[in-house]
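Peer 1: If it helps, the file is called my_file07.csv and holds CSV, N, CA and C atoms:
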chain,number,residue,atom,x,y,z
A,1,MET,N,0.8,-1.2,0.0
A,1,MET,CA,0.0,0.0,0.0
A,1,MET,C,0.9,1.2,0.0
A,2,GLU,N,0.5,2.2,-0.8
A,2,GLU,CA,1.3,3.5,-0.8
A,2,GLU,C,0.8,4.4,0.3
A,3,ARG,N,1.7,5.0,0.9
A,3,ARG,CA,1.4,5.9,2.0
A,3,ARG,C,1.3,7.3,1.4
A,4,MET,N,0.4,8.2,2.0
A,4,MET,CA,0.3,9.6,1.6
A,4,MET,C,1.6,10.3,1.9
A,5,GLN,N,2.3,10.9,1.0
A,5,GLN,CA,3.5,11.6,1.2
A,5,GLN,C,3.4,13.0,0.8
A,6,ASN,N,2.7,13.8,1.5
A,6,ASN,CA,2.6,15.2,1.2
A,6,ASN,C,2.6,16.0,2.5
A,7,ALA,N,2.6,17.3,2.3
A,7,ALA,CA,2.6,18.2,3.5
A,7,ALA,C,1.4,18.1,4.4
A,8,ASN,N,0.3,17.6,3.8
A,8,ASN,CA,-1.0,17.5,4.6
A,8,ASN,C,-1.2,16.1,5.1
A,9,SER,N,-0.2,15.3,5.2
A,9,SER,CA,-0.3,13.9,5.6
A,9,SER,C,0.1,13.8,7.1
A,10,CYS,N,-0.8,13.2,7.8
A,10,CYS,CA,-0.6,12.9,9.3
A,10,CYS,C,-0.7,11.5,9.5
A,11,GLN,N,-0.1,11.0,10.6
A,11,GLN,CA,-0.2,9.6,11.0
A,11,GLN,C,-0.7,9.5,12.4
A,12,ASP,N,-1.4,8.4,12.7
A,12,ASP,CA,-2.0,8.2,14.0
A,12,ASP,C,-1.8,6.7,14.3
A,13,PRO,N,-1.0,6.5,15.4
A,13,PRO,CA,-0.7,5.1,15.8
A,13,PRO,C,-2.0,4.5,16.5
A,14,LEU,N,-2.5,3.4,16.0
A,14,LEU,CA,-3.8,2.9,16.5
A,14,LEU,C,-3.6,1.6,17.3
A,15,GLY,N,-2.4,1.2,17.6
A,15,GLY,CA,-2.1,0.0,18.4
A,15,GLY,C,-2.2,-1.3,17.6
A,16,SER,N,-2.9,-2.3,18.1
A,16,SER,CA,-3.0,-3.6,17.5
A,16,SER,C,-3.4,-3.5,16.1
A,17,CYS,N,-3.0,-4.5,15.3
A,17,CYS,CA,-3.4,-4.6,13.9
A,17,CYS,C,-4.8,-5.1,13.7
A,18,LEU,N,-5.4,-5.6,14.7
A,18,LEU,CA,-6.8,-6.1,14.6
A,18,LEU,C,-7.7,-5.0,14.0
A,19,GLN,N,-8.3,-5.4,12.9
A,19,GLN,CA,-9.3,-4.5,12.2
A,19,GLN,C,-8.7,-3.1,12.0
A,20,CYS,N,-7.4,-3.1,11.6
A,20,CYS,CA,-6.6,-1.8,11.4
A,20,CYS,C,-7.3,-0.9,10.4
A,21,ASP,N,-7.6,-1.4,9.2
A,21,ASP,CA,-8.2,-0.5,8.2
A,21,ASP,C,-9.6,0.0,8.6
A,22,GLU,N,-10.4,-0.8,9.2
A,22,GLU,CA,-11.7,-0.4,9.6
A,22,GLU,C,-11.6,0.7,10.7
A,23,ARG,N,-10.7,0.5,11.6
A,23,ARG,CA,-10.6,1.5,12.7
A,23,ARG,C,-10.0,2.8,12.2
A,24,CYS,N,-9.1,2.7,11.2
A,24,CYS,CA,-8.5,3.9,10.6
A,24,CYS,C,-9.6,4.7,9.9
A,25,LYS,N,-10.4,4.1,9.1
A,25,LYS,CA,-11.4,4.8,8.3
A,25,LYS,C,-12.5,5.3,9.2
A,26,ALA,N,-12.8,4.6,10.3
A,26,ALA,CA,-13.9,5.1,11.2
A,26,ALA,C,-13.4,6.3,12.0
A,27,LYS,N,-12.1,6.4,12.2
A,27,LYS,CA,-11.6,7.5,13.0
A,27,LYS,C,-11.3,8.7,12.1
A,28,HIS,N,-10.7,8.5,10.9
A,28,HIS,CA,-10.2,9.6,10.1
A,28,HIS,C,-10.9,9.7,8.7
A,29,GLY,N,-12.0,9.0,8.5
A,29,GLY,CA,-12.8,9.1,7.3
A,29,GLY,C,-12.3,8.1,6.2
A,30,PRO,N,-13.0,8.2,5.0
A,30,PRO,CA,-12.8,7.2,4.0
A,30,PRO,C,-11.4,7.4,3.3
A,31,THR,N,-10.8,8.5,3.5
A,31,THR,CA,-9.4,8.7,2.8
A,31,THR,C,-8.3,8.2,3.7
A,32,GLY,N,-8.6,7.7,4.9
A,32,GLY,CA,-7.6,7.2,5.8
A,32,GLY,C,-7.0,5.9,5.2
A,33,GLN,N,-5.7,5.8,5.3
A,33,GLN,CA,-5.0,4.6,4.8
A,33,GLN,C,-4.3,3.9,5.9
A,34,ALA,N,-4.6,2.7,6.2
A,34,ALA,CA,-4.1,1.9,7.3
A,34,ALA,C,-2.9,1.1,6.8
A,35,SER,N,-1.9,1.0,7.7
A,35,SER,CA,-0.7,0.2,7.4
A,35,SER,C,-0.4,-0.6,8.7
A,36,CYS,N,-0.2,-1.9,8.5
A,36,CYS,CA,0.1,-2.7,9.7
A,36,CYS,C,1.5,-3.2,9.6
A,37,ASP,N,2.3,-2.9,10.6
A,37,ASP,CA,3.7,-3.4,10.7
A,37,ASP,C,3.6,-4.8,11.3
A,38,ASN,N,3.7,-5.8,10.4
A,38,ASN,CA,3.5,-7.2,10.8
A,38,ASN,C,4.6,-7.7,11.8
A,39,ARG,N,5.8,-7.1,11.8
A,39,ARG,CA,6.8,-7.5,12.7
A,39,ARG,C,6.4,-7.2,14.1
A,40,ASN,N,5.9,-5.9,14.3
A,40,ASN,CA,5.6,-5.5,15.7
A,40,ASN,C,4.1,-5.5,15.9
A,41,GLN,N,3.3,-5.9,14.9
A,41,GLN,CA,1.8,-6.0,15.0
A,41,GLN,C,1.2,-4.7,15.5
A,42,LEU,N,1.7,-3.6,14.9
A,42,LEU,CA,1.2,-2.2,15.2
A,42,LEU,C,0.5,-1.6,14.0
A,43,CYS,N,-0.6,-1.0,14.2
A,43,CYS,CA,-1.4,-0.3,13.1
A,43,CYS,C,-1.1,1.1,13.1
A,44,THR,N,-0.8,1.7,12.0
A,44,THR,CA,-0.7,3.2,11.8
A,44,THR,C,-1.7,3.6,10.7
A,45,CYS,N,-2.3,4.7,11.0
A,45,CYS,CA,-3.3,5.3,10.1
A,45,CYS,C,-2.7,6.5,9.5
A,46,TYR,N,-2.6,6.6,8.2
A,46,TYR,CA,-2.2,7.8,7.5
A,46,TYR,C,-3.4,8.5,6.9
A,47,TYR,N,-3.5,9.8,7.2
A,47,TYR,CA,-4.7,10.5,6.7
A,47,TYR,C,-4.4,12.0,6.4
A,48,THR,N,-5.2,12.6,5.7
A,48,THR,CA,-5.0,14.0,5.3
A,48,THR,C,-5.4,14.9,6.5
A,49,CYS,N,-4.5,15.7,7.0
A,49,CYS,CA,-4.8,16.5,8.1
A,49,CYS,C,-5.0,17.9,7.7
A,50,GLY,N,-5.6,18.7,8.6
A,50,GLY,CA,-5.9,20.1,8.4
A,50,GLY,C,-6.5,20.6,9.6
A,51,PRO,N,-7.0,21.8,9.5
A,51,PRO,CA,-7.7,22.4,10.7
A,51,PRO,C,-8.9,21.6,11.1
A,52,PRO,N,-9.2,21.4,12.3
A,52,PRO,CA,-10.4,20.6,12.7
A,52,PRO,C,-11.6,21.4,12.4
A,53,SER,N,-12.6,20.7,11.8
A,53,SER,CA,-13.8,21.4,11.5
A,53,SER,C,-15.0,20.5,11.7
A,54,PRO,N,-15.2,20.0,13.0
A,54,PRO,CA,-16.4,19.2,13.2
A,54,PRO,C,-17.7,19.9,13.1
A,55,THR,N,-17.8,21.1,13.6
A,55,THR,CA,-19.0,21.9,13.4
A,55,THR,C,-18.6,23.4,13.2
A,56,PRO,N,-19.2,24.1,12.3
A,56,PRO,CA,-18.8,25.5,12.2
A,56,PRO,C,-19.3,26.3,13.4
A,57,PRO,N,-18.6,27.3,13.7
A,57,PRO,CA,-19.0,28.1,14.9
A,57,PRO,C,-20.4,28.8,14.6
A,58,HIS,N,-21.2,28.9,15.6
A,58,HIS,CA,-22.5,29.5,15.4
A,58,HIS,C,-22.3,31.0,15.8
A,59,HIS,N,-22.7,31.9,14.9
A,59,HIS,CA,-22.6,33.3,15.2
A,59,HIS,C,-24.0,33.7,15.6
A,60,LYS,N,-24.1,34.4,16.7
A,60,LYS,CA,-25.4,34.9,17.2
A,60,LYS,C,-25.8,36.1,16.4
A,61,GLN,N,-27.1,36.1,16.0
A,61,GLN,CA,-27.7,37.1,15.2
A,61,GLN,C,-28.6,38.0,16.1
A,62,CYS,N,-28.5,39.3,15.9
A,62,CYS,CA,-29.4,40.2,16.6
A,62,CYS,C,-30.3,40.9,15.6
A,63,TYR,N,-31.3,41.5,16.0
A,63,TYR,CA,-32.3,42.1,15.1
A,63,TYR,C,-32.6,43.5,15.7
A,64,GLY,N,-32.8,44.4,14.8
A,64,GLY,CA,-33.2,45.8,15.1
A,64,GLY,C,-34.1,46.3,14.0
A,65,GLY,N,-34.3,47.6,13.9
A,65,GLY,CA,-35.1,48.1,12.9
A,65,GLY,C,-34.8,49.6,12.6
A,66,THR,N,-35.3,50.0,11.4
A,66,THR,CA,-35.1,51.4,11.0
A,66,THR,C,-36.4,52.1,10.7
A,67,GLY,N,-37.5,51.6,11.1
A,67,GLY,CA,-38.8,52.2,10.9
A,67,GLY,C,-39.5,51.6,9.7
A,68,LEU,N,-40.2,52.4,9.0
A,68,LEU,CA,-41.0,51.9,7.8
A,68,LEU,C,-40.1,51.5,6.7
A,69,CYS,N,-40.6,50.5,6.0
A,69,CYS,CA,-39.9,49.9,4.9
A,69,CYS,C,-39.8,50.9,3.7
A,70,SER,N,-38.6,50.9,3.1
A,70,SER,CA,-38.4,51.7,1.9
A,70,SER,C,-37.4,51.0,1.0
A,71,SER,N,-37.1,51.5,-0.2
A,71,SER,CA,-36.1,50.8,-1.0
A,71,SER,C,-34.7,50.9,-0.5
A,72,ALA,N,-34.5,51.8,0.5
A,72,ALA,CA,-33.2,51.9,1.2
A,72,ALA,C,-33.1,51.1,2.5
A,73,CYS,N,-34.0,50.2,2.7
A,73,CYS,CA,-33.9,49.4,3.9
A,73,CYS,C,-32.6,48.7,4.2
A,74,ASN,N,-32.1,48.0,3.2
A,74,ASN,CA,-30.8,47.3,3.4
A,74,ASN,C,-29.7,48.3,3.6
A,75,GLN,N,-29.6,49.4,2.9
A,75,GLN,CA,-28.6,50.4,3.1
A,75,GLN,C,-28.7,51.1,4.5
A,76,ASN,N,-29.9,51.4,4.9
A,76,ASN,CA,-30.1,52.0,6.2
A,76,ASN,C,-29.6,51.0,7.3
A,77,CYS,N,-29.9,49.7,7.2
A,77,CYS,CA,-29.4,48.8,8.2
A,77,CYS,C,-27.9,48.7,8.2
A,78,ALA,N,-27.3,48.7,7.0
A,78,ALA,CA,-25.8,48.6,6.9
A,78,ALA,C,-25.2,49.8,7.6
A,79,GLN,N,-25.8,51.0,7.5
A,79,GLN,CA,-25.3,52.2,8.1
A,79,GLN,C,-25.5,52.2,9.6
A,80,LYS,N,-26.6,51.7,10.1
A,80,LYS,CA,-27.0,51.7,11.5
A,80,LYS,C,-26.3,50.6,12.3
A,81,TYR,N,-26.1,49.4,11.7
A,81,TYR,CA,-25.5,48.3,12.4
A,81,TYR,C,-24.3,47.7,11.7
A,82,LEU,N,-23.2,47.5,12.3
A,82,LEU,CA,-22.0,47.0,11.7
A,82,LEU,C,-22.3,45.6,11.2
A,83,GLY,N,-22.1,45.4,9.9
A,83,GLY,CA,-22.3,44.1,9.3
A,83,GLY,C,-23.8,43.8,9.1
A,84,GLY,N,-24.6,44.8,9.2
A,84,GLY,CA,-26.1,44.6,9.1
A,84,GLY,C,-26.6,44.5,7.7
A,85,SER,N,-27.7,43.8,7.6
A,85,SER,CA,-28.5,43.8,6.3
A,85,SER,C,-29.9,43.9,6.7
A,86,GLY,N,-30.7,44.4,5.7
A,86,GLY,CA,-32.1,44.7,6.0
A,86,GLY,C,-33.1,44.0,5.1
A,87,PHE,N,-34.3,43.8,5.6
A,87,PHE,CA,-35.4,43.2,4.8
A,87,PHE,C,-36.7,43.8,5.3
A,88,CYS,N,-37.7,43.8,4.5
A,88,CYS,CA,-39.0,44.3,4.8
A,88,CYS,C,-39.8,43.2,5.4
A,89,GLU,N,-40.6,43.5,6.4
A,89,GLU,CA,-41.5,42.5,7.0
A,89,GLU,C,-42.8,43.2,7.3
A,90,SER,N,-43.9,42.5,7.0
A,90,SER,CA,-45.2,43.0,7.2
A,90,SER,C,-45.6,42.6,8.6
A,91,ILE,N,-46.0,43.6,9.4
A,91,ILE,CA,-46.5,43.4,10.7
A,91,ILE,C,-47.9,44.1,10.8
A,92,GLY,N,-49.0,43.4,10.8
A,92,GLY,CA,-50.3,44.0,10.7
A,92,GLY,C,-50.4,44.7,9.4
A,93,ASN,N,-50.8,46.0,9.4
A,93,ASN,CA,-51.0,46.7,8.2
A,93,ASN,C,-49.7,47.5,7.8
A,94,SER,N,-48.7,47.4,8.6
A,94,SER,CA,-47.5,48.1,8.3
A,94,SER,C,-46.4,47.2,7.7
A,95,ARG,N,-45.5,47.9,6.9
A,95,ARG,CA,-44.3,47.2,6.4
A,95,ARG,C,-43.1,47.9,7.0
A,96,LEU,N,-42.4,47.1,7.9
A,96,LEU,CA,-41.3,47.7,8.6
A,96,LEU,C,-40.0,47.2,8.1
A,97,CYS,N,-38.9,48.0,8.2
A,97,CYS,CA,-37.6,47.6,7.8
A,97,CYS,C,-37.0,46.9,9.0
A,98,LYS,N,-36.6,45.7,8.9
A,98,LYS,CA,-36.0,44.9,9.9
A,98,LYS,C,-34.6,44.6,9.6
A,99,CYS,N,-33.7,44.8,10.6
A,99,CYS,CA,-32.3,44.6,10.4
A,99,CYS,C,-31.8,43.4,11.1
A,100,GLN,N,-30.8,42.7,10.5
A,100,GLN,CA,-30.2,41.5,11.1
A,100,GLN,C,-28.7,41.8,11.1
A,101,TYR,N,-28.0,41.6,12.2
A,101,TYR,CA,-26.6,41.9,12.3
A,101,TYR,C,-25.9,40.9,13.3
A,102,PRO,N,-24.6,40.7,13.2
A,102,PRO,CA,-23.9,39.8,14.1
A,102,PRO,C,-23.7,40.6,15.4
A,103,CYS,N,-23.9,39.8,16.5
A,103,CYS,CA,-23.7,40.5,17.9
A,103,CYS,C,-22.9,39.6,18.8
Any chance you could put this one into structure tokens?

Peer 2:
Amino acid sequence: MERMQNANSCQDPLGSCLQCDERCKAKHGPTGQASCDNRNQLCTCYYTCGPPSPTPPHHKQCYGGTGLCSSACNQNCAQKYLGGSGFCESIGNSRLCKCQYPC
């Protein structure tokens, strides 16, 4: 078996050779390549490494407003709130400009 030989290649010693390939793929995904050292009976998993990304960070969103809706709603929100964007929302008989921004 060829081992990954590039800058993004990492290795993880998994101990015993028992179910070496299955354990490697379960831990590091389908691109993990297992290698068993038959002399010492030790399994090593070679895999593409990079920054951990199990779940993207959740950014909290806050809401505000700029009054009645107009064609400048999005622009008004961008000026009032850092990173803000605007959309019109009907509440009762009124159309209001609602802003969403990171907080």

Peer 1: Find the spatial neighbours of range 22-31 of chain A, counting all atoms listed in the file, within a cut-off of 8 Å - ignore same-chain residues fewer than 6 positions away - and output them as a VMD selection string.

Peer 2: chain A and resid 14 44 to 48

Peer 1: Looking at A:Ser16, A:Cys97, A:Gln33, A:Gly92, which one is nearest to Leu68 in chain A, with distances taken over only N, CA and C atoms?

Peer 2: A:Cys97

Peer 1: For Tyr101 in chain A, which residue out of A:Leu82, A:Leu42, A:Gly32, A:Asn8 is the nearest one, using only N, CA and C atoms?

Peer 2: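 Distance minimum relative to Tyr101 in chain A lands on A:Leu82.
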
Peer 1: Could you state the separation of CA of Arg95 in chain A and CA of Cys73 in chain A in Å, given to one decimal place?

Peer 2: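 Computing the Euclidean distance for CA of Arg95 in chain A and CA of Cys73 in chain A yields 10.9 Å.
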
Peer 1: Write out as a PDB file with N, CA and C atoms, in the frame of the given file the residues lying within 6 Å of Asn74 in chain A, counting only C-alpha atoms and excluding same-chain residues fewer than 2 positions away.

Peer 2:
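So the final result, stored in around-v5.pdb, reads:
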ATOM      1  N   ALA A  72     -34.500  51.800   0.500  1.00  0.00           N
ATOM      2  CA  ALA A  72     -33.200  51.900   1.200  1.00  0.00           C
ATOM      3  C   ALA A  72     -33.100  51.100   2.500  1.00  0.00           C
ATOM      4  N   ASN A  76     -29.900  51.400   4.900  1.00  0.00           N
ATOM      5  CA  ASN A  76     -30.100  52.000   6.200  1.00  0.00           C
ATOM      6  C   ASN A  76     -29.600  51.000   7.300  1.00  0.00           C
ATOM      7  N   CYS A  77     -29.900  49.700   7.200  1.00  0.00           N
ATOM      8  CA  CYS A  77     -29.400  48.800   8.200  1.00  0.00           C
ATOM      9  C   CYS A  77     -27.900  48.700   8.200  1.00  0.00           C
ATOM     10  N   SER A  85     -27.700  43.800   7.600  1.00  0.00           N
ATOM     11  CA  SER A  85     -28.500  43.800   6.300  1.00  0.00           C
ATOM     12  C   SER A  85     -29.900  43.900   6.700  1.00  0.00           C
ATOM     13  N   GLY A  86     -30.700  44.400   5.700  1.00  0.00           N
ATOM     14  CA  GLY A  86     -32.100  44.700   6.000  1.00  0.00           C
ATOM     15  C   GLY A  86     -33.100  44.000   5.100  1.00  0.00           C
TER      16      GLY A  86
END

Peer 1: Using only C-alpha atoms and a cutoff of 8 Å, can you tell me which residues are near (-35.0, 41.9, 15.2) in the file's coordinates, and write them out as a ChimeraX atom specification?

Peer 2: /A:62-65,98-100

Peer 1: Between A:Cys20, A:Cys103, A:Gly84, A:Cys49, which residue has the minimum interatomic distance to Gln61 in chain A, considering only N, CA and C atoms?

Peer 2: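 Result for the nearest residue to Gln61 in chain A: A:Cys103.
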
Peer 1: If you measure from atom C of Asp12 in chain A to CA of Cys36 in chain A, what distance in Å do you get, rounded to one decimal?

Peer 2: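 Computing it gives 10.6 Å between the two atoms.
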
Peer 1: With distances taken over all atoms listed in the file, which residue among A:Cys43, A:Ile91, A:Ala34, A:Ser70 lies nearest Leu18 in chain A?

Peer 2: A:Cys43

Peer 1: In terms of the shortest atom-to-atom distance over all atoms listed in the file, which of A:Pro102, A:Cys17, A:Ser9, A:Tyr81 is closest to Lys60 in chain A?

Peer 2: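 Among A:Pro102, A:Cys17, A:Ser9, A:Tyr81, it is A:Pro102 that comes nearest to Lys60 in chain A.
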